[in-house]
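Below: the structure, in structure tokens.
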Amino acid sequence: MNDNSTKNKVKGQVNQAVGSTREKIGAATGNEGMEETGREQHAKGDVQEAVGKAQGSVKGAVDAAKEAVGDVTEKVKKSAGR
């Protein structure tokens with residue numbers, strides 16, 4: 001798995017957890033500012049995690065394409081007698 005992919009997923013999950021906690025504390029104490037900040041941080045975490053997942057998917061597709069090109073190249077070399 002791509003290192004940036006993993007970092008973004010972990011950072012996203014941390015922001016989701018901290019945001020949810022802030023949101024709940026804000027709601028429980030009637031602190032609308034903290035509640036809003038928590039919602040925003042949670043949303044930021046959602047985006048970060050999605051970016052991490054997308055990075056991993058793209059890397060996987062690129063790796064698969066490289067492997068396919070390598071397989072085709074080998075087949076062409078064999079059929080050409082090299």
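How things are named: the first chain in the structure tokens is A, the next is B, and so on; residues count from 1 in each chain; ligands count from 1 in the order shown.
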
Practice prompt. Would you mind listing what lies within 6 Å of stretch 17-24 of chain A as a list in words, with only C-alpha atoms counted and same-chain residues fewer than 2 positions away left out?
Written response: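 Near neighbours after the sequence-gap exclusion: Val14, Asn15, Gly26, Ala27, Glu35, Gly38, Arg39, Gln41 and His42 of chain A.
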
Fill in: Selected residue, from A:Thr73, A:Asn8, A:Ser79, A:Gln16, that lies nearest to A:Lys44 when counting only C-alpha atoms
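Ranked by minimum distance to A:Lys44, first place goes to A:Gln16.
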
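Here atom CA of A:Gln13 stands at a distance of 6.6 Å from atom CA of A:Glu49.
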
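One finds atom CA of A:Ser57 at 15.9 Å from atom CA of A:Val10.
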
Test item: residues at most 6 Å from stretch 2-7 of chain A, only C-alpha atoms, excluding those fewer than 5 positions along its chain, as a short mmCIF file (atom, residue, chain, number, x, y, z; two decimals) with N, CA and C atoms, in the first residue's frame:
data_model
loop_
_atom_site.label_atom_id
_atom_site.label_comp_id
_atom_site.auth_asym_id
_atom_site.auth_seq_id
_atom_site.Cartn_x
_atom_site.Cartn_y
_atom_site.Cartn_z
N GLY A 52 -7.17 9.06 0.85
CA GLY A 52 -6.27 7.94 1.09
C GLY A 52 -6.73 6.68 0.37
N GLN A 55 -6.06 7.15 -3.34
CA GLN A 55 -4.64 7.00 -3.64
C GLN A 55 -4.26 5.53 -3.72
N GLY A 56 -4.77 4.75 -2.79
CA GLY A 56 -4.48 3.32 -2.80
C GLY A 56 -5.05 2.63 -4.02
#

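If you measure from each of A:Ala28, A:Ala50, A:Val58, A:Ala80 to A:Lys9 using only C-alpha atoms, the closest one turns out to be A:Ala50.
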